[in-house]
There are 2 protein chains.
Amino acid sequence: MKTVVFVTHNNGKFREAKEKFRSIGVELRQYSGGYPEIQADTLEEVALYGVEYLSDKLSEPFFLEDAGLFVDALKGFPGVYSAYVFRSIGCDGILKLLENVVDRSAEFRSVVAYKEPGEEPVVFRGVCRGEISYEKKGSNGFGYDPIFVPVGSNLTFGEMDVKEKNSFSHRGKSLQKLLEYMRRVMGKD
Amino acid sequence: MKTVVFVTHNNGKFREAKEKFRSIGVELRQYSGGYPEIQADTLEEVALYGVEYLSDKLSEPFFLEDAGLFVDALKGFPGVYSAYVFRSIGCDGILKLLENVVDRSAEFRSVVAYKEPGEEPVVFRGVCRGEISYEKKGSNGFGYDPIFVPVGSNLTFGEMDVKEKNSFSHRGKSLQKLLEYMRRVMGKD
């Protein structure tokens, strides 16, 4: 069975992905060693720097994932720095910045970067469009989930169970693209 | 004459520092090659990662400088990410986050990391305490200067000329510490 390494500290993300990969005959292994996340304007730059850093350290095919919330009226803020912004000003900070702002549109983006030894990295993107709510709702999920309502629903991610959230989610989409890519590549072997 | 490299893209910062160093008999050279700035909670971590990255690339003694605005009521936001936050939500974003907030206290911090070949890096810190104003004032300086009033003045940095600002500034203090360190070290030679 082919083995692939998922570079993540997040055990929940790993468990979710593990099942998906098993369904296409790939054994997923977790690597929690981490990598330096650079300050950059795009998730792609952050992910590709991480891949380059790790390519000396891991001998098996591996991938990592980075995600962020990009609010249109705030020129993409908090974007690449979503995690830090969440720890400092949180959902309440985003709501305050959007007081009296009519355009609430935003998107969650996820980037997966995958690398086979000796080959160039491949990048897969997943986007979920939506709107920032006027108040926090729900306590499921994490981060900005209580203030994000995806297109096609009236609920925030914080009000959805995991299965429902995954049917909309940016991360579900980028990982699905990686799965399809691997299925094609393995089919050629 | 001893030569030291200042790693910075900012020609203005370089020119200011060049004069100061000449006064103690050090020739300053500019290196604009840059270095990856990592996402971290402190300026020190960002600076030391940069130093490690550059230590293979530069054969002469060198230093770099990183700075940020830390607002107490916002748990240190925008902090290490001040430059990015400025480009997205700007001074207006900070003022909006502080609407109806009584505690306006904040500080500018500067960290200088200096490295001699074969030795451990040395770190110097400069802090300037102050308050966030209720509106933007003045058009001098850059970044958050129009909303920062240092302790001991009624003017924002944006209302001051360079000389007056430097008498308060965080960067002036950290560079001064480096100068004093170098004077001591050179005195021993």
# chains A, B, ... in the order shown; residues from 1 in each chain; ligands from 1
$ residues_around --residues "range 122-124 of chain B" --least-positions-apart "6" --cutoff "8 Å" --atoms "only C-alpha atoms" --output "list in words"
Glu44, Val111, Val112, Ala113, Tyr114, Lys115, Ser174, Leu175, Lys177 and Leu178 of chain B
$ select_by_dssp --residues "range 16-56 of chain A" --states "strand (DSSP E)" --output "list in words"
Val26, Glu27, Leu28, Arg29, Gln30 and Tyr31 of chain A
$ write_last_selection --atoms "C-alpha atoms" --output "JSON list (two decimals), in the first residue's frame"
[["chain", "number", "residue", "atom", "x", "y", "z"],
["A", 26, "VAL", "CA", -3.36, 5.09, 0.34],
["A", 27, "GLU", "CA", -2.07, 4.79, 3.92],
["A", 28, "LEU", "CA", -1.82, 8.24, 5.50],
["A", 29, "ARG", "CA", 0.88, 8.92, 8.11],
["A", 30, "GLN", "CA", 0.94, 12.06, 10.31],
["A", 31, "TYR", "CA", 4.04, 14.24, 10.70]]
$ residues_around --residues "Phe6 in chain B" --least-positions-apart "3" --cutoff "6 Å" --atoms "only C-alpha atoms" --output "NGL selection string"
:B and (30 or 62-64)
$ interface_residues --of "chain B" --to "chain A" --cutoff "10 Å" --atoms "only C-alpha atoms" --output "PyMOL selection string"
chain B and resi 35-41+46+49+73-81+83-85+87-90+92-99
$ write_last_selection --atoms "N, CA and C atoms" --output "short mmCIF file (atom, residue, chain, number, x, y, z; two decimals), in the first residue's frame"
data_model
loop_
_atom_site.label_atom_id
_atom_site.label_comp_id
_atom_site.auth_asym_id
_atom_site.auth_seq_id
_atom_site.Cartn_x
_atom_site.Cartn_y
_atom_site.Cartn_z
N TYR B 35 15.10 38.32 3.32
CA TYR B 35 15.10 37.05 4.03
C TYR B 35 13.65 36.70 4.34
N PRO B 36 13.36 35.41 4.51
CA PRO B 36 11.97 35.03 4.80
C PRO B 36 11.58 35.49 6.21
N GLU B 37 10.46 36.19 6.30
CA GLU B 37 9.94 36.58 7.62
C GLU B 37 8.90 35.55 8.02
N ILE B 38 9.15 34.84 9.12
CA ILE B 38 8.20 33.80 9.52
C ILE B 38 7.03 34.39 10.31
N GLN B 39 5.94 33.62 10.36
CA GLN B 39 4.81 33.97 11.21
C GLN B 39 5.13 33.50 12.62
N ALA B 40 5.18 34.42 13.56
CA ALA B 40 5.54 34.08 14.92
C ALA B 40 4.88 35.10 15.84
N ASP B 41 4.92 34.86 17.15
CA ASP B 41 4.26 35.78 18.07
C ASP B 41 5.17 36.93 18.51
N VAL B 46 11.09 36.32 14.64
CA VAL B 46 11.20 36.69 13.22
C VAL B 46 12.64 37.09 12.90
N TYR B 49 15.17 34.08 13.07
CA TYR B 49 15.04 33.19 11.92
C TYR B 49 15.74 33.81 10.70
N ALA B 73 -5.13 46.90 24.31
CA ALA B 73 -6.52 46.45 24.37
C ALA B 73 -6.85 45.42 23.28
N LEU B 74 -5.96 45.30 22.29
CA LEU B 74 -6.17 44.33 21.20
C LEU B 74 -5.23 43.13 21.35
N LYS B 75 -4.80 42.88 22.58
CA LYS B 75 -3.91 41.75 22.87
C LYS B 75 -2.65 41.77 22.00
N GLY B 76 -2.12 42.94 21.78
CA GLY B 76 -0.88 43.04 21.02
C GLY B 76 -1.05 43.18 19.51
N PHE B 77 -2.27 43.06 19.02
CA PHE B 77 -2.54 43.28 17.59
C PHE B 77 -2.18 44.71 17.22
N PRO B 78 -1.67 45.04 16.02
CA PRO B 78 -1.27 44.14 14.92
C PRO B 78 0.11 43.50 15.08
N GLY B 79 0.91 43.95 16.03
CA GLY B 79 2.15 43.26 16.41
C GLY B 79 3.07 42.91 15.27
N VAL B 80 3.46 41.64 15.26
CA VAL B 80 4.43 41.15 14.29
C VAL B 80 3.92 41.34 12.85
N TYR B 81 2.60 41.44 12.70
CA TYR B 81 2.01 41.52 11.36
C TYR B 81 1.62 42.95 11.00
N ALA B 83 2.89 45.32 9.25
CA ALA B 83 3.01 45.76 7.86
C ALA B 83 1.83 45.23 7.04
N TYR B 84 1.52 43.96 7.19
CA TYR B 84 0.40 43.39 6.44
C TYR B 84 -0.93 44.03 6.84
N VAL B 85 -1.14 44.19 8.14
CA VAL B 85 -2.39 44.78 8.62
C VAL B 85 -2.53 46.21 8.09
N ARG B 87 -1.39 47.33 5.25
CA ARG B 87 -1.77 47.26 3.83
C ARG B 87 -3.24 46.86 3.65
N SER B 88 -3.82 46.12 4.60
CA SER B 88 -5.21 45.70 4.42
C SER B 88 -6.18 46.67 5.10
N ILE B 89 -6.20 46.76 6.42
CA ILE B 89 -7.21 47.60 7.08
C ILE B 89 -6.67 48.97 7.51
N GLY B 90 -5.34 49.13 7.55
CA GLY B 90 -4.74 50.44 7.76
C GLY B 90 -5.03 51.10 9.10
N ASP B 92 -7.26 53.32 9.69
CA ASP B 92 -8.71 53.38 9.92
C ASP B 92 -9.22 52.11 10.61
N GLY B 93 -8.65 50.97 10.23
CA GLY B 93 -9.05 49.70 10.86
C GLY B 93 -8.72 49.69 12.34
N ILE B 94 -7.53 50.17 12.70
CA ILE B 94 -7.13 50.21 14.11
C ILE B 94 -8.06 51.16 14.88
N LEU B 95 -8.36 52.33 14.29
CA LEU B 95 -9.26 53.29 14.96
C LEU B 95 -10.65 52.68 15.15
N LYS B 96 -11.12 51.93 14.17
CA LYS B 96 -12.45 51.30 14.29
C LYS B 96 -12.46 50.24 15.39
N LEU B 97 -11.39 49.45 15.45
CA LEU B 97 -11.31 48.42 16.49
C LEU B 97 -11.28 49.04 17.88
N LEU B 98 -10.84 50.31 17.98
CA LEU B 98 -10.74 50.96 19.29
C LEU B 98 -11.91 51.92 19.57
N GLU B 99 -12.92 51.92 18.69
CA GLU B 99 -14.10 52.75 18.97
C GLU B 99 -14.69 52.32 20.31
#
$ select_by_dssp --residues "range 28-128 of chain A" --states "alpha helix (DSSP H)" --output "ChimeraX atom specification"
/A:43-54,82-88,90-97
$ decode --residues "range 30-78 of chain B" --atoms "N, CA and C atoms" --output "PDB file, in the first residue's frame"
ATOM      1  N   GLN B  30      24.804  48.304   2.596  1.00  0.00           N
ATOM      2  CA  GLN B  30      23.408  47.858   2.543  1.00  0.00           C
ATOM      3  C   GLN B  30      23.300  46.536   1.789  1.00  0.00           C
ATOM      4  N   TYR B  31      22.488  45.620   2.299  1.00  0.00           N
ATOM      5  CA  TYR B  31      22.175  44.372   1.586  1.00  0.00           C
ATOM      6  C   TYR B  31      20.672  44.303   1.446  1.00  0.00           C
ATOM      7  N   SER B  32      20.185  44.300   0.185  1.00  0.00           N
ATOM      8  CA  SER B  32      18.739  44.343  -0.054  1.00  0.00           C
ATOM      9  C   SER B  32      18.199  42.981  -0.469  1.00  0.00           C
ATOM     10  N   GLY B  33      18.998  41.929  -0.270  1.00  0.00           N
ATOM     11  CA  GLY B  33      18.609  40.592  -0.736  1.00  0.00           C
ATOM     12  C   GLY B  33      17.396  40.023  -0.023  1.00  0.00           C
ATOM     13  N   GLY B  34      17.119  40.530   1.174  1.00  0.00           N
ATOM     14  CA  GLY B  34      15.939  40.058   1.887  1.00  0.00           C
ATOM     15  C   GLY B  34      16.120  38.707   2.549  1.00  0.00           C
ATOM     16  N   TYR B  35      15.095  38.323   3.317  1.00  0.00           N
ATOM     17  CA  TYR B  35      15.097  37.049   4.035  1.00  0.00           C
ATOM     18  C   TYR B  35      13.652  36.699   4.335  1.00  0.00           C
ATOM     19  N   PRO B  36      13.356  35.406   4.505  1.00  0.00           N
ATOM     20  CA  PRO B  36      11.970  35.033   4.801  1.00  0.00           C
ATOM     21  C   PRO B  36      11.584  35.486   6.207  1.00  0.00           C
ATOM     22  N   GLU B  37      10.463  36.194   6.301  1.00  0.00           N
ATOM     23  CA  GLU B  37       9.944  36.576   7.621  1.00  0.00           C
ATOM     24  C   GLU B  37       8.898  35.549   8.021  1.00  0.00           C
ATOM     25  N   ILE B  38       9.152  34.842   9.122  1.00  0.00           N
ATOM     26  CA  ILE B  38       8.202  33.800   9.516  1.00  0.00           C
ATOM     27  C   ILE B  38       7.035  34.385  10.309  1.00  0.00           C
ATOM     28  N   GLN B  39       5.937  33.623  10.358  1.00  0.00           N
ATOM     29  CA  GLN B  39       4.811  33.971  11.208  1.00  0.00           C
ATOM     30  C   GLN B  39       5.130  33.500  12.620  1.00  0.00           C
ATOM     31  N   ALA B  40       5.181  34.421  13.557  1.00  0.00           N
ATOM     32  CA  ALA B  40       5.544  34.083  14.924  1.00  0.00           C
ATOM     33  C   ALA B  40       4.878  35.098  15.841  1.00  0.00           C
ATOM     34  N   ASP B  41       4.918  34.864  17.147  1.00  0.00           N
ATOM     35  CA  ASP B  41       4.260  35.783  18.068  1.00  0.00           C
ATOM     36  C   ASP B  41       5.167  36.931  18.511  1.00  0.00           C
ATOM     37  N   THR B  42       6.470  36.805  18.295  1.00  0.00           N
ATOM     38  CA  THR B  42       7.370  37.869  18.740  1.00  0.00           C
ATOM     39  C   THR B  42       8.298  38.318  17.610  1.00  0.00           C
ATOM     40  N   LEU B  43       8.706  39.594  17.692  1.00  0.00           N
ATOM     41  CA  LEU B  43       9.676  40.135  16.735  1.00  0.00           C
ATOM     42  C   LEU B  43      11.004  39.393  16.825  1.00  0.00           C
ATOM     43  N   GLU B  44      11.369  38.975  18.041  1.00  0.00           N
ATOM     44  CA  GLU B  44      12.645  38.281  18.244  1.00  0.00           C
ATOM     45  C   GLU B  44      12.715  37.011  17.388  1.00  0.00           C
ATOM     46  N   GLU B  45      11.618  36.242  17.401  1.00  0.00           N
ATOM     47  CA  GLU B  45      11.613  35.002  16.613  1.00  0.00           C
ATOM     48  C   GLU B  45      11.799  35.289  15.128  1.00  0.00           C
ATOM     49  N   VAL B  46      11.089  36.317  14.641  1.00  0.00           N
ATOM     50  CA  VAL B  46      11.202  36.686  13.225  1.00  0.00           C
ATOM     51  C   VAL B  46      12.639  37.085  12.897  1.00  0.00           C
ATOM     52  N   ALA B  47      13.219  37.928  13.762  1.00  0.00           N
ATOM     53  CA  ALA B  47      14.570  38.427  13.513  1.00  0.00           C
ATOM     54  C   ALA B  47      15.598  37.292  13.556  1.00  0.00           C
ATOM     55  N   LEU B  48      15.471  36.406  14.540  1.00  0.00           N
ATOM     56  CA  LEU B  48      16.488  35.355  14.683  1.00  0.00           C
ATOM     57  C   LEU B  48      16.387  34.317  13.562  1.00  0.00           C
ATOM     58  N   TYR B  49      15.172  34.079  13.068  1.00  0.00           N
ATOM     59  CA  TYR B  49      15.044  33.186  11.916  1.00  0.00           C
ATOM     60  C   TYR B  49      15.737  33.806  10.701  1.00  0.00           C
ATOM     61  N   GLY B  50      15.539  35.105  10.530  1.00  0.00           N
ATOM     62  CA  GLY B  50      16.188  35.816   9.420  1.00  0.00           C
ATOM     63  C   GLY B  50      17.703  35.753   9.524  1.00  0.00           C
ATOM     64  N   VAL B  51      18.214  35.929  10.738  1.00  0.00           N
ATOM     65  CA  VAL B  51      19.663  35.886  10.951  1.00  0.00           C
ATOM     66  C   VAL B  51      20.214  34.507  10.592  1.00  0.00           C
ATOM     67  N   GLU B  52      19.508  33.461  11.028  1.00  0.00           N
ATOM     68  CA  GLU B  52      19.990  32.110  10.730  1.00  0.00           C
ATOM     69  C   GLU B  52      20.013  31.872   9.217  1.00  0.00           C
ATOM     70  N   TYR B  53      18.929  32.322   8.561  1.00  0.00           N
ATOM     71  CA  TYR B  53      18.840  32.153   7.102  1.00  0.00           C
ATOM     72  C   TYR B  53      20.005  32.863   6.398  1.00  0.00           C
ATOM     73  N   LEU B  54      20.354  34.062   6.881  1.00  0.00           N
ATOM     74  CA  LEU B  54      21.363  34.875   6.201  1.00  0.00           C
ATOM     75  C   LEU B  54      22.798  34.490   6.547  1.00  0.00           C
ATOM     76  N   SER B  55      22.976  33.732   7.650  1.00  0.00           N
ATOM     77  CA  SER B  55      24.346  33.539   8.135  1.00  0.00           C
ATOM     78  C   SER B  55      25.192  32.721   7.159  1.00  0.00           C
ATOM     79  N   ASP B  56      24.560  31.924   6.304  1.00  0.00           N
ATOM     80  CA  ASP B  56      25.315  31.217   5.262  1.00  0.00           C
ATOM     81  C   ASP B  56      25.662  32.145   4.102  1.00  0.00           C
ATOM     82  N   LYS B  57      24.875  33.191   3.952  1.00  0.00           N
ATOM     83  CA  LYS B  57      24.959  34.010   2.729  1.00  0.00           C
ATOM     84  C   LYS B  57      25.875  35.227   2.863  1.00  0.00           C
ATOM     85  N   LEU B  58      26.113  35.677   4.083  1.00  0.00           N
ATOM     86  CA  LEU B  58      26.911  36.885   4.279  1.00  0.00           C
ATOM     87  C   LEU B  58      28.172  36.536   5.067  1.00  0.00           C
ATOM     88  N   SER B  59      29.302  37.005   4.581  1.00  0.00           N
ATOM     89  CA  SER B  59      30.564  36.639   5.231  1.00  0.00           C
ATOM     90  C   SER B  59      31.015  37.713   6.220  1.00  0.00           C
ATOM     91  N   GLU B  60      30.368  38.890   6.170  1.00  0.00           N
ATOM     92  CA  GLU B  60      30.746  39.966   7.085  1.00  0.00           C
ATOM     93  C   GLU B  60      29.763  40.035   8.261  1.00  0.00           C
ATOM     94  N   PRO B  61      30.134  40.751   9.323  1.00  0.00           N
ATOM     95  CA  PRO B  61      29.155  40.989  10.407  1.00  0.00           C
ATOM     96  C   PRO B  61      27.928  41.701   9.814  1.00  0.00           C
ATOM     97  N   PHE B  62      26.734  41.335  10.267  1.00  0.00           N
ATOM     98  CA  PHE B  62      25.535  41.975   9.717  1.00  0.00           C
ATOM     99  C   PHE B  62      24.461  42.104  10.789  1.00  0.00           C
ATOM    100  N   PHE B  63      23.485  42.970  10.535  1.00  0.00           N
ATOM    101  CA  PHE B  63      22.309  43.037  11.402  1.00  0.00           C
ATOM    102  C   PHE B  63      21.071  43.333  10.575  1.00  0.00           C
ATOM    103  N   LEU B  64      19.924  43.024  11.162  1.00  0.00           N
ATOM    104  CA  LEU B  64      18.638  43.355  10.561  1.00  0.00           C
ATOM    105  C   LEU B  64      17.748  43.899  11.661  1.00  0.00           C
ATOM    106  N   GLU B  65      16.654  44.536  11.252  1.00  0.00           N
ATOM    107  CA  GLU B  65      15.776  45.190  12.222  1.00  0.00           C
ATOM    108  C   GLU B  65      14.330  44.879  11.885  1.00  0.00           C
ATOM    109  N   ASP B  66      13.521  44.574  12.892  1.00  0.00           N
ATOM    110  CA  ASP B  66      12.092  44.353  12.654  1.00  0.00           C
ATOM    111  C   ASP B  66      11.328  45.144  13.708  1.00  0.00           C
ATOM    112  N   ALA B  67      10.181  45.688  13.317  1.00  0.00           N
ATOM    113  CA  ALA B  67       9.440  46.553  14.233  1.00  0.00           C
ATOM    114  C   ALA B  67       7.945  46.302  14.097  1.00  0.00           C
ATOM    115  N   GLY B  68       7.186  46.721  15.108  1.00  0.00           N
ATOM    116  CA  GLY B  68       5.736  46.571  15.038  1.00  0.00           C
ATOM    117  C   GLY B  68       5.041  47.410  16.089  1.00  0.00           C
ATOM    118  N   LEU B  69       3.744  47.617  15.882  1.00  0.00           N
ATOM    119  CA  LEU B  69       2.895  48.342  16.828  1.00  0.00           C
ATOM    120  C   LEU B  69       2.065  47.329  17.615  1.00  0.00           C
ATOM    121  N   PHE B  70       2.122  47.413  18.940  1.00  0.00           N
ATOM    122  CA  PHE B  70       1.405  46.472  19.804  1.00  0.00           C
ATOM    123  C   PHE B  70       0.383  47.246  20.637  1.00  0.00           C
ATOM    124  N   VAL B  71      -0.915  47.008  20.386  1.00  0.00           N
ATOM    125  CA  VAL B  71      -1.973  47.727  21.095  1.00  0.00           C
ATOM    126  C   VAL B  71      -2.473  46.877  22.264  1.00  0.00           C
ATOM    127  N   ASP B  72      -2.394  47.428  23.470  1.00  0.00           N
ATOM    128  CA  ASP B  72      -2.713  46.654  24.678  1.00  0.00           C
ATOM    129  C   ASP B  72      -4.125  46.063  24.637  1.00  0.00           C
ATOM    130  N   ALA B  73      -5.132  46.903  24.313  1.00  0.00           N
ATOM    131  CA  ALA B  73      -6.522  46.448  24.371  1.00  0.00           C
ATOM    132  C   ALA B  73      -6.849  45.423  23.283  1.00  0.00           C
ATOM    133  N   LEU B  74      -5.956  45.297  22.290  1.00  0.00           N
ATOM    134  CA  LEU B  74      -6.173  44.331  21.204  1.00  0.00           C
ATOM    135  C   LEU B  74      -5.233  43.129  21.346  1.00  0.00           C
ATOM    136  N   LYS B  75      -4.799  42.877  22.582  1.00  0.00           N
ATOM    137  CA  LYS B  75      -3.910  41.748  22.870  1.00  0.00           C
ATOM    138  C   LYS B  75      -2.649  41.767  22.003  1.00  0.00           C
ATOM    139  N   GLY B  76      -2.123  42.945  21.776  1.00  0.00           N
ATOM    140  CA  GLY B  76      -0.878  43.040  21.020  1.00  0.00           C
ATOM    141  C   GLY B  76      -1.046  43.177  19.513  1.00  0.00           C
ATOM    142  N   PHE B  77      -2.269  43.060  19.018  1.00  0.00           N
ATOM    143  CA  PHE B  77      -2.535  43.279  17.589  1.00  0.00           C
ATOM    144  C   PHE B  77      -2.175  44.712  17.223  1.00  0.00           C
ATOM    145  N   PRO B  78      -1.666  45.036  16.019  1.00  0.00           N
ATOM    146  CA  PRO B  78      -1.270  44.135  14.923  1.00  0.00           C
ATOM    147  C   PRO B  78       0.111  43.499  15.082  1.00  0.00           C
TER     148      PRO B  78
END
